[in-house]
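Visitor: Input: one structure, supplied below.
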Amino acid sequence: MMVCELHVSGYKFSVLNNAFIVHRGLKTPSSFHRDKEADQEKNRQLFRQFKFELKEKYPDSSRKCY
């Protein structure tokens, strides 16, 4: 969310050559915890609230987070 706010506030980013992030292993539906769906819904609500607060904090910005 910090990168999102930096983007909305006007920072410019450059992509570095040969830079990447590695996620080890693959997740499967059987390896998710029981409350995964509830966690995802809570995260959706929090992100919607965050985007609303960004609009209030940076009203003149035409940039958005998706």
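Order determines the names: the first chain of the structure tokens is A, the second B, and so forth; residues in each chain are numbered 1 upward, and ligands are numbered 1 upward as they are shown.
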If you count only C-alpha atoms, which residues fall within 8 Å of Ser62 in chain A, apart from same-chain ones fewer than 2 positions away, as an mmCIF file with N, CA, C and O atoms, in the first residue's frame?
Guide:
data_model
loop_
_atom_site.group_PDB
_atom_site.id
_atom_site.type_symbol
_atom_site.label_atom_id
_atom_site.label_comp_id
_atom_site.auth_asym_id
_atom_site.auth_seq_id
_atom_site.Cartn_x
_atom_site.Cartn_y
_atom_site.Cartn_z
ATOM 1 N N VAL A 8 0.146 7.646 -6.150
ATOM 2 C CA VAL A 8 -0.937 8.638 -6.155
ATOM 3 C C VAL A 8 -0.401 10.023 -5.811
ATOM 4 O O VAL A 8 -0.845 11.031 -6.364
ATOM 5 N N ASP A 60 -6.321 16.380 -5.871
ATOM 6 C CA ASP A 60 -5.981 16.869 -7.205
ATOM 7 C C ASP A 60 -5.227 15.831 -8.048
ATOM 8 O O ASP A 60 -4.912 16.113 -9.206
ATOM 9 N N LYS A 64 -4.349 6.633 -9.840
ATOM 10 C CA LYS A 64 -5.168 5.698 -9.062
ATOM 11 C C LYS A 64 -4.405 4.426 -8.769
ATOM 12 O O LYS A 64 -3.456 4.087 -9.456
#
Visitor: Skip Ser61 in chain A itself and residues of its chain fewer than 6 positions away, then list as a PyMOL selection string all residues within 9 Å of it, counting only C-alpha atoms.
Guide: chain A and resi 8-10+55
Visitor: Record the distance separating CA of Lys57 in chain A and CA of Arg44 in chain A, expressed in Å with one decimal.
Guide: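 Between CA of Lys57 in chain A and CA of Arg44 in chain A the gap is 19.9 Å.
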Visitor: Expressed in Å to a single decimal, how great is the separation between CA of Ala19 in chain A and CA of Phe47 in chain A?
Guide: 26.8 Å
Visitor: Work out how far CA of Leu46 in chain A is from CA of Thr28 in chain A, in Å to one decimal.
Guide: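 So the answer is 24.8 Å.
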Visitor: Using only C-alpha atoms, which of the listed residues (A:Met2, A:Leu26, A:Lys51, A:Glu37) sits closest to Arg63 in chain A?
Guide: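 Closest residue, counting only C-alpha atoms: A:Lys51.
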Visitor: Quick one: DSSP alpha helix (DSSP H) residues in chain A, as a VMD selection string?
Guide: chain A and resid 2 to 9 36 to 57
Visitor: Which one of A:Val22, A:Cys65, A:Leu16, A:Met1 sits closest to Asn43 in chain A if you count only C-alpha atoms?
Guide: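 Counting only C-alpha atoms, the residue closest to Asn43 in chain A is A:Met1.
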